[in-house]
Amino acid sequence: MEIFSIKNLSFSYPNEKEKAVNNVNLSIEQGDFLLLIGESGCGKTTLLKMLKPQLTPHGNISGEIFFNGNKNTIENENNPFEIGFIMQDIDSQIVTDKVYTELAFGLENMGLSSDEIRLKVSEFATYFGISDIFHKSTNELSGGQKQLLNLASVMVTNPKVLILDEPTSQLDPIATTEFIETLKRINEDFGTTIIIAEHNLQEVFRLANKVAVMENGSVTAVDAPNIIAKNVVGKKIAKAMPAPIRIFNELKGTGEIPLTVKDSRKFLIENYKFGNTKIHNENKSSNSTALSCKDLWFRYSKKSEDVLHNCSLTVNSGEIYGILGANGCGKSTLLKIISGQLKQYRGKINTFNNKLAYLPQNPKNLFVKDTVREDLILANNSYIELFEKFGLSALLNRHPYDLSGGELQKTAILKILLTNPNVLLLDEPTKGIDSFAREELGEFLSQIKNSGKTIVLVTHDVEFTAMYADRCGLLFDGMITTEAETKRFFTDNLFYTTSVAKISRGIVENVVTLEDIIKVCKEVKND
């Protein structure tokens, strides 16, 4: 049974000539798990918001959307809770200060009795495994717990459709896996239709039964994941595919395309004889130190627990150092302490007279003017030369908020570079940007590093870190518990590691990136 029917749908924002959604025709069946993919700015978020009448943006609309056979408008809507929506910004959807009141909020708005609310809240708290945080304040929760609470708070109202816009962009790798698996369980247990837009396809691609590809506002393809995976060869979207698909396609594999780590391992074992092949580590560490932290202790209040304790860190000059760890483990706190925004109550930081510059998680906070140029004049008049050097001059006359995620990150980094720092401290610079923008940002950071700068990177993005960091450290239990050269770091880890490392473990040593495995396979094949 068709639950959504989208016919000739187009939309443009006020005063914009280009259409954000362009003549979209799409049929979504009840019980589908539909994955929507495409570059940032291709129209995914706009399309998803148009499926829930209360969120439809202001602008020029043509075409029609039907939900359960009826025209999908607020006027025709019988039950606003039939379509649940979870946004990218985790905190924006939480409206109360306690977990249990957040779970009950939607039910109270539905007019249910106290007994009915208690029954449903207890049932869903148990189902989602959040009974242990039931009485906690929402501001105490980690990012993963908050997003799980958002999901439970929507599902407790029993929607027919659950729409999610980049729900894992702020989650660590383990929380991401758990969240996506929970979505699949909801789809199977309740028959809830799932419609999800994601940039991180490593976990979700294999679980969808349909994948829709968007380009320039249009849906250009809709099919089963294995069909889409084969048909992306030679197209730009191919770079966004999960590692098993990219390995198979780049090696021109034949037969059934692998969608999982297990099937990708089988493909490599059956087609390549690796023997004792391994990639050697290249340690390019500098002899000089750019930054060191010794035995840092920090808590947010006298009565709270320590966020950091005995935390030590040494960053070498001219390297990119990646700090990884779970949501809420203290990564951003450590960066703010190093930058001087917070003060430890014990321990020492030595910057060796290096000048530091800090980029927050939300780079929009750095901009206050109507154009990039006006903002940069406030910082330093040498901005033109810097933007020309990195090929970004075309962005100077645009409003900062009109830039894509990747453009905004690069512009913000250039702004802090105008202060002529020796060390850049970047907090989650890949958050919310697609695989294409991540690659551009990585090359951009490599250029900056090669110009003599040192970069400290706090991130959940293991794939990005594996590609561009020189060394990595894992923050756990308030301290850096392990650190190593990047290849060894990800080779030694079982969970905090890349998809390629999981695929190649026990088959070929020291392989953590797509480039590594493709290179080794081609060498083995040639031999």
# chains A, B, ... in the order shown; residues from 1 in each chain; ligands from 1
$ residues_around --residues "stretch 304-318 of chain A" --least-positions-apart "2" --cutoff "8 Å" --atoms "only C-alpha atoms" --output "MDAnalysis selection string"
chainID A and resid 285:302 320:321 329:330 333:334 347 449:450 452:456 477:480
$ closest_atom_pairs --of "stretch 183-269 of chain A" --to "stretch 438-446 of chain A" --cutoff "12 Å" --atoms "only C-alpha atoms" --output "CSV"
residue,atom,partner,partner_atom,distance
A:His199,CA,A:Arg438,CA,10.4
A:Asn200,CA,A:Arg438,CA,11.1
A:Lys239,CA,A:Glu439,CA,9.6
A:Ala240,CA,A:Arg438,CA,10.4
$ write_last_selection --atoms "N, CA and C atoms" --output "compact mmCIF listing (two decimals), in the first residue's frame"
# COMPACT_ATOMS: atom_id res chain seq x y z
N HIS A 199 24.51 11.30 5.14
CA HIS A 199 25.79 11.40 4.42
C HIS A 199 26.67 10.20 4.75
N ASN A 200 26.58 9.74 6.00
CA ASN A 200 27.39 8.59 6.44
C ASN A 200 26.64 7.31 6.09
N LYS A 239 31.58 8.15 -4.86
CA LYS A 239 32.52 8.41 -3.76
C LYS A 239 31.85 8.37 -2.40
N ALA A 240 30.52 8.49 -2.38
CA ALA A 240 29.81 8.48 -1.10
C ALA A 240 29.42 7.07 -0.66
$ residues_around --residues "stretch 510-525 of chain A" --least-positions-apart "4" --cutoff "12 Å" --atoms "only C-alpha atoms" --output "PyMOL selection string"
chain A and resi 239+241-253+264-265+267-269+271-282+462-469+485-494+496-506
$ write_last_selection --atoms "C-alpha atoms" --output "tab-separated table (two decimals), in the first residue's frame"
chain	number	residue	atom	x	y	z
A	239	LYS	CA	32.52	8.41	-3.76
A	241	MET	CA	29.20	4.72	-1.22
A	242	PRO	CA	30.15	2.44	1.72
A	243	ALA	CA	33.61	0.84	1.63
A	244	PRO	CA	32.47	-2.67	0.48
A	245	ILE	CA	30.81	-1.16	-2.60
A	246	ARG	CA	33.70	1.18	-3.43
A	247	ILE	CA	36.24	-1.64	-3.15
A	248	PHE	CA	34.18	-3.90	-5.42
A	249	ASN	CA	33.51	-1.20	-8.03
A	250	GLU	CA	37.05	0.19	-8.14
A	251	LEU	CA	38.47	-3.31	-8.54
A	252	LYS	CA	35.87	-3.99	-11.27
A	253	GLY	CA	34.46	-6.97	-9.40
A	264	SER	CA	33.47	-7.75	1.29
A	265	ARG	CA	35.95	-9.93	3.19
A	267	PHE	CA	35.10	-11.11	-2.03
A	268	LEU	CA	38.74	-10.28	-1.23
A	269	ILE	CA	39.62	-13.77	0.04
A	271	ASN	CA	39.71	-13.15	-5.58
A	272	TYR	CA	43.14	-12.17	-4.18
A	273	LYS	CA	46.06	-14.13	-2.73
A	274	PHE	CA	47.63	-11.72	-0.26
A	275	GLY	CA	50.06	-14.09	1.47
A	276	ASN	CA	52.12	-12.02	3.93
A	277	THR	CA	51.46	-8.73	2.15
A	278	LYS	CA	51.43	-5.66	4.40
A	279	ILE	CA	51.64	-1.90	4.12
A	280	HIS	CA	54.53	-0.43	6.09
A	281	ASN	CA	53.92	2.40	8.50
A	282	GLU	CA	55.50	5.72	7.64
A	462	VAL	CA	37.16	7.88	11.80
A	463	GLU	CA	37.27	7.64	8.00
A	464	PHE	CA	38.36	11.28	7.67
A	465	THR	CA	40.91	10.96	10.48
A	466	ALA	CA	42.41	7.82	8.94
A	467	MET	CA	42.92	9.66	5.66
A	468	TYR	CA	44.44	12.90	6.92
A	469	ALA	CA	45.77	12.64	10.49
A	485	GLU	CA	50.66	6.75	14.41
A	486	THR	CA	47.40	6.72	12.46
A	487	LYS	CA	47.73	3.39	10.65
A	488	ARG	CA	48.78	1.55	13.79
A	489	PHE	CA	46.05	3.29	15.83
A	490	PHE	CA	43.26	2.10	13.54
A	491	THR	CA	44.82	-1.32	12.92
A	492	ASP	CA	44.96	-2.03	16.66
A	493	ASN	CA	41.38	-0.84	17.34
A	494	LEU	CA	38.44	-3.24	16.88
A	496	TYR	CA	37.01	2.69	16.76
A	497	THR	CA	38.35	1.98	13.32
A	498	THR	CA	37.52	2.32	9.65
A	499	SER	CA	35.33	0.05	7.56
A	500	VAL	CA	38.35	-0.87	5.43
A	501	ALA	CA	40.31	-1.88	8.53
A	502	LYS	CA	37.44	-4.17	9.55
A	503	ILE	CA	37.30	-5.65	6.04
A	504	SER	CA	41.05	-6.25	5.79
A	505	ARG	CA	41.73	-7.45	9.37
A	506	GLY	CA	43.49	-10.82	9.27
$ residues_around --residues "stretch 420-426 of chain A" --least-positions-apart "2" --cutoff "7 Å" --atoms "only C-alpha atoms" --output "tab-separated table (two decimals) with C-alpha atoms, in the first residue's frame"
chain	number	residue	atom	x	y	z
A	335	LEU	CA	40.06	21.56	23.23
A	354	ASN	CA	53.05	29.12	19.71
A	355	LYS	CA	49.97	31.17	18.91
A	356	LEU	CA	46.72	29.14	19.01
A	357	ALA	CA	43.46	29.62	17.10
A	358	TYR	CA	40.21	27.80	17.93
A	359	LEU	CA	37.34	26.86	15.59
A	360	PRO	CA	34.10	25.91	17.42
A	417	LEU	CA	44.34	31.80	9.86
A	418	LEU	CA	44.29	35.59	9.44
A	428	GLU	CA	34.23	18.55	14.74
A	429	PRO	CA	35.07	20.25	11.41
A	453	LYS	CA	50.96	24.82	10.69
A	454	THR	CA	50.03	22.27	13.35
A	455	ILE	CA	46.43	21.05	13.57
A	456	VAL	CA	44.63	19.41	16.51
A	457	LEU	CA	41.39	17.83	15.40
A	458	VAL	CA	38.53	16.67	17.64
$ closest_residue --among "A:Ile338, A:Leu201, A:Ile3, A:Leu141" --to "A:Pro173" --atoms "only C-alpha atoms"
A:Leu201
$ closest_atom_pairs --of "stretch 255-311 of chain A" --to "stretch 203-226 of chain A" --cutoff "9 Å" --atoms "only C-alpha atoms" --output "Markdown table"
| residue | atom | partner | partner_atom | distance |
| --- | --- | --- | --- | --- |
| A:Glu256 | CA | A:Asn226 | CA | 8.2 |
| A:Ile257 | CA | A:Asn226 | CA | 6.5 |
| A:Pro258 | CA | A:Asn226 | CA | 8.1 |
| A:Leu259 | CA | A:Arg206 | CA | 5.6 |
| A:Thr260 | CA | A:Arg206 | CA | 6.8 |
$ atom_distance --atom1 "atom CA of A:Pro80" --atom2 "atom CA of A:Ser142"
28.9 Å
$ atom_distance --atom1 "atom CA of A:Leu376" --atom2 "atom CA of A:Lys331"
28.7 Å
$ select_by_dssp --residues "stretch 7-139 of chain A" --states "strand (DSSP E)" --output "number ranges by chain"
A: 7-12, 21-29, 33-37, 60-67, 70-71, 83-86
$ select_by_dssp --residues "stretch 186-428 of chain A" --states "alpha helix (DSSP H)" --output "VMD selection string"
chain A and resid 186 to 190 225 to 231 243 to 250 261 to 271 331 to 339 372 to 379 383 to 389 405 to 417
$ write_last_selection --atoms "C-alpha atoms" --output "PDB file, in the first residue's frame"
ATOM      1  CA  ILE A 186      11.506  -0.179  14.598  1.00  0.00           C
ATOM      2  CA  ASN A 187      10.889  -0.778  10.896  1.00  0.00           C
ATOM      3  CA  GLU A 188      10.639  -4.538  11.411  1.00  0.00           C
ATOM      4  CA  ASP A 189       8.859  -4.618  14.799  1.00  0.00           C
ATOM      5  CA  PHE A 190       6.230  -1.948  14.176  1.00  0.00           C
ATOM      6  CA  PRO A 225      20.579  -0.839  -2.642  1.00  0.00           C
ATOM      7  CA  ASN A 226      22.433  -3.478  -4.698  1.00  0.00           C
ATOM      8  CA  ILE A 227      21.094  -2.025  -7.977  1.00  0.00           C
ATOM      9  CA  ILE A 228      21.985   1.550  -6.997  1.00  0.00           C
ATOM     10  CA  ALA A 229      25.439   0.328  -5.890  1.00  0.00           C
ATOM     11  CA  LYS A 230      26.145  -1.084  -9.367  1.00  0.00           C
ATOM     12  CA  ASN A 231      24.709   1.867 -11.262  1.00  0.00           C
ATOM     13  CA  ALA A 243      33.607   0.838   1.627  1.00  0.00           C
ATOM     14  CA  PRO A 244      32.473  -2.669   0.483  1.00  0.00           C
ATOM     15  CA  ILE A 245      30.806  -1.156  -2.600  1.00  0.00           C
ATOM     16  CA  ARG A 246      33.695   1.183  -3.435  1.00  0.00           C
ATOM     17  CA  ILE A 247      36.245  -1.643  -3.149  1.00  0.00           C
ATOM     18  CA  PHE A 248      34.177  -3.901  -5.423  1.00  0.00           C
ATOM     19  CA  ASN A 249      33.507  -1.203  -8.025  1.00  0.00           C
ATOM     20  CA  GLU A 250      37.047   0.194  -8.137  1.00  0.00           C
ATOM     21  CA  VAL A 261      31.928  -6.099   5.823  1.00  0.00           C
ATOM     22  CA  LYS A 262      31.414  -9.880   5.909  1.00  0.00           C
ATOM     23  CA  ASP A 263      30.629 -10.105   2.190  1.00  0.00           C
ATOM     24  CA  SER A 264      33.469  -7.746   1.291  1.00  0.00           C
ATOM     25  CA  ARG A 265      35.951  -9.935   3.188  1.00  0.00           C
ATOM     26  CA  LYS A 266      34.637 -12.948   1.292  1.00  0.00           C
ATOM     27  CA  PHE A 267      35.102 -11.111  -2.030  1.00  0.00           C
ATOM     28  CA  LEU A 268      38.744 -10.276  -1.225  1.00  0.00           C
ATOM     29  CA  ILE A 269      39.619 -13.766   0.038  1.00  0.00           C
ATOM     30  CA  GLU A 270      38.100 -15.450  -3.023  1.00  0.00           C
ATOM     31  CA  ASN A 271      39.707 -13.146  -5.583  1.00  0.00           C
ATOM     32  CA  LYS A 331      36.963  15.912  23.709  1.00  0.00           C
ATOM     33  CA  SER A 332      35.490  19.383  23.183  1.00  0.00           C
ATOM     34  CA  THR A 333      36.197  20.232  26.828  1.00  0.00           C
ATOM     35  CA  LEU A 334      39.872  19.358  26.337  1.00  0.00           C
ATOM     36  CA  LEU A 335      40.057  21.559  23.232  1.00  0.00           C
ATOM     37  CA  LYS A 336      38.443  24.488  25.067  1.00  0.00           C
ATOM     38  CA  ILE A 337      40.931  24.105  27.938  1.00  0.00           C
ATOM     39  CA  ILE A 338      43.856  24.116  25.505  1.00  0.00           C
ATOM     40  CA  SER A 339      42.436  27.213  23.766  1.00  0.00           C
ATOM     41  CA  VAL A 372      32.275  37.050   3.972  1.00  0.00           C
ATOM     42  CA  ARG A 373      34.343  40.007   2.750  1.00  0.00           C
ATOM     43  CA  GLU A 374      32.932  42.377   5.395  1.00  0.00           C
ATOM     44  CA  ASP A 375      33.626  39.851   8.121  1.00  0.00           C
ATOM     45  CA  LEU A 376      37.188  39.262   7.007  1.00  0.00           C
ATOM     46  CA  ILE A 377      37.999  42.970   6.818  1.00  0.00           C
ATOM     47  CA  LEU A 378      37.362  43.010  10.577  1.00  0.00           C
ATOM     48  CA  ALA A 379      39.933  40.260  11.009  1.00  0.00           C
ATOM     49  CA  TYR A 383      42.328  38.111   3.400  1.00  0.00           C
ATOM     50  CA  ILE A 384      42.253  38.521  -0.401  1.00  0.00           C
ATOM     51  CA  GLU A 385      45.705  37.007  -0.876  1.00  0.00           C
ATOM     52  CA  LEU A 386      44.850  34.120   1.451  1.00  0.00           C
ATOM     53  CA  PHE A 387      41.557  33.347  -0.317  1.00  0.00           C
ATOM     54  CA  GLU A 388      43.274  33.473  -3.720  1.00  0.00           C
ATOM     55  CA  LYS A 389      45.964  31.084  -2.456  1.00  0.00           C
ATOM     56  CA  GLY A 405      28.760  23.184   5.077  1.00  0.00           C
ATOM     57  CA  GLY A 406      32.141  22.547   3.476  1.00  0.00           C
ATOM     58  CA  GLU A 407      32.489  26.119   2.193  1.00  0.00           C
ATOM     59  CA  LEU A 408      31.604  27.518   5.614  1.00  0.00           C
ATOM     60  CA  GLN A 409      34.198  25.334   7.355  1.00  0.00           C
ATOM     61  CA  LYS A 410      36.959  26.373   4.945  1.00  0.00           C
ATOM     62  CA  THR A 411      35.994  30.047   5.164  1.00  0.00           C
ATOM     63  CA  ALA A 412      35.984  29.896   8.978  1.00  0.00           C
ATOM     64  CA  ILE A 413      39.410  28.212   8.986  1.00  0.00           C
ATOM     65  CA  LEU A 414      40.786  30.939   6.704  1.00  0.00           C
ATOM     66  CA  LYS A 415      39.354  33.572   9.028  1.00  0.00           C
ATOM     67  CA  ILE A 416      41.208  32.164  12.028  1.00  0.00           C
ATOM     68  CA  LEU A 417      44.336  31.797   9.864  1.00  0.00           C
TER      69      LEU A 417
END
$ atom_distance --atom1 "atom CA of A:Asn22" --atom2 "atom CA of A:Gln202"
27.9 Å
$ residues_around --residues "A:Lys7" --least-positions-apart "2" --cutoff "10 Å" --atoms "only C-alpha atoms" --output "list in words"
Phe4, Ser5, Leu9, Ser10, Asn23, Val24, Asn25, Leu26, Ser27, Ser62, Gly63, Glu64, Ile65 and Phe66 of chain A
$ decode --residues "stretch 292-304 of chain A" --atoms "all heavy atoms" --output "tab-separated table (two decimals), in the first residue's frame"
chain	number	residue	atom	x	y	z
A	292	SER	N	51.87	20.81	24.57
A	292	SER	CA	51.82	19.68	25.49
A	292	SER	C	50.91	20.00	26.67
A	292	SER	O	50.83	21.15	27.12
A	292	SER	CB	53.22	19.31	26.01
A	292	SER	OG	53.68	20.27	26.92
A	293	CYS	N	50.19	18.96	27.12
A	293	CYS	CA	49.33	19.06	28.30
A	293	CYS	C	49.80	18.00	29.30
A	293	CYS	O	50.03	16.86	28.91
A	293	CYS	CB	47.87	18.79	27.94
A	293	CYS	SG	47.23	19.83	26.63
A	294	LYS	N	49.92	18.38	30.55
A	294	LYS	CA	50.44	17.46	31.55
A	294	LYS	C	49.47	17.37	32.73
A	294	LYS	O	49.20	18.37	33.42
A	294	LYS	CB	51.81	17.95	32.04
A	294	LYS	CG	52.49	17.07	33.07
A	294	LYS	CD	52.95	15.75	32.50
A	294	LYS	CE	53.78	14.97	33.52
A	294	LYS	NZ	54.12	13.62	33.02
A	295	ASP	N	48.91	16.17	32.94
A	295	ASP	CA	48.08	15.87	34.11
A	295	ASP	C	46.96	16.89	34.33
A	295	ASP	O	46.81	17.46	35.41
A	295	ASP	CB	48.95	15.78	35.37
A	295	ASP	CG	49.97	14.65	35.29
A	295	ASP	OD1	49.67	13.66	34.60
A	295	ASP	OD2	51.05	14.79	35.88
A	296	LEU	N	46.15	17.10	33.29
A	296	LEU	CA	45.04	18.05	33.40
A	296	LEU	C	43.86	17.44	34.17
A	296	LEU	O	43.48	16.29	33.93
A	296	LEU	CB	44.55	18.48	32.02
A	296	LEU	CG	45.54	19.20	31.10
A	296	LEU	CD1	44.84	19.60	29.80
A	296	LEU	CD2	46.12	20.43	31.78
A	297	TRP	N	43.29	18.24	35.07
A	297	TRP	CA	42.08	17.87	35.79
A	297	TRP	C	41.06	18.99	35.59
A	297	TRP	O	41.39	20.16	35.70
A	297	TRP	CB	42.34	17.71	37.29
A	297	TRP	CG	43.18	16.52	37.65
A	297	TRP	CD1	44.50	16.33	37.38
A	297	TRP	CD2	42.74	15.34	38.34
A	297	TRP	NE1	44.92	15.11	37.86
A	297	TRP	CE2	43.87	14.49	38.47
A	297	TRP	CE3	41.52	14.94	38.88
A	297	TRP	CZ2	43.80	13.25	39.10
A	297	TRP	CZ3	41.45	13.71	39.53
A	297	TRP	CH2	42.57	12.88	39.63
A	298	PHE	N	39.80	18.60	35.30
A	298	PHE	CA	38.77	19.62	35.08
A	298	PHE	C	37.39	19.07	35.43
A	298	PHE	O	37.07	17.93	35.13
A	298	PHE	CB	38.76	20.09	33.62
A	298	PHE	CG	37.67	21.09	33.33
A	298	PHE	CD1	37.87	22.44	33.59
A	298	PHE	CD2	36.44	20.68	32.82
A	298	PHE	CE1	36.86	23.36	33.35
A	298	PHE	CE2	35.43	21.59	32.58
A	298	PHE	CZ	35.64	22.94	32.85
A	299	ARG	N	36.59	19.94	36.08
A	299	ARG	CA	35.17	19.65	36.30
A	299	ARG	C	34.41	20.96	36.11
A	299	ARG	O	34.97	22.05	36.29
A	299	ARG	CB	34.93	19.06	37.69
A	299	ARG	CG	35.30	19.99	38.83
A	299	ARG	CD	34.98	19.38	40.20
A	299	ARG	NE	35.76	18.18	40.46
A	299	ARG	CZ	35.90	17.66	41.68
A	299	ARG	NH1	35.32	18.26	42.72
A	299	ARG	NH2	36.60	16.56	41.86
A	300	TYR	N	33.13	20.84	35.75
A	300	TYR	CA	32.35	22.05	35.46
A	300	TYR	C	31.85	22.74	36.72
A	300	TYR	O	31.54	23.93	36.69
A	300	TYR	CB	31.19	21.72	34.51
A	300	TYR	CG	31.64	21.63	33.07
A	300	TYR	CD1	31.95	20.40	32.50
A	300	TYR	CD2	31.78	22.77	32.31
A	300	TYR	CE1	32.39	20.32	31.18
A	300	TYR	CE2	32.21	22.70	30.99
A	300	TYR	CZ	32.51	21.48	30.43
A	300	TYR	OH	32.95	21.41	29.13
A	301	SER	N	31.75	22.04	37.82
A	301	SER	CA	31.38	22.66	39.09
A	301	SER	C	31.99	21.85	40.23
A	301	SER	O	32.42	20.71	40.03
A	301	SER	CB	29.85	22.72	39.25
A	301	SER	OG	29.31	21.42	39.39
A	302	LYS	N	32.03	22.45	41.40
A	302	LYS	CA	32.67	21.78	42.52
A	302	LYS	C	32.01	20.46	42.89
A	302	LYS	O	32.64	19.53	43.36
A	302	LYS	CB	32.68	22.71	43.73
A	302	LYS	CG	33.65	23.87	43.59
A	302	LYS	CD	33.68	24.72	44.86
A	302	LYS	CE	34.69	25.84	44.72
A	302	LYS	NZ	34.75	26.69	45.94
A	303	LYS	N	30.69	20.39	42.67
A	303	LYS	CA	29.94	19.20	43.05
A	303	LYS	C	29.86	18.15	41.94
A	303	LYS	O	29.40	17.04	42.18
A	303	LYS	CB	28.54	19.60	43.49
A	303	LYS	CG	28.50	20.42	44.76
A	303	LYS	CD	27.07	20.72	45.19
A	303	LYS	CE	27.04	21.54	46.49
A	303	LYS	NZ	25.64	21.84	46.91
A	304	SER	N	30.26	18.52	40.73
A	304	SER	CA	30.16	17.58	39.61
A	304	SER	C	31.39	16.67	39.55
A	304	SER	O	32.42	16.93	40.18
A	304	SER	CB	30.02	18.33	38.29
A	304	SER	OG	31.19	19.08	38.01
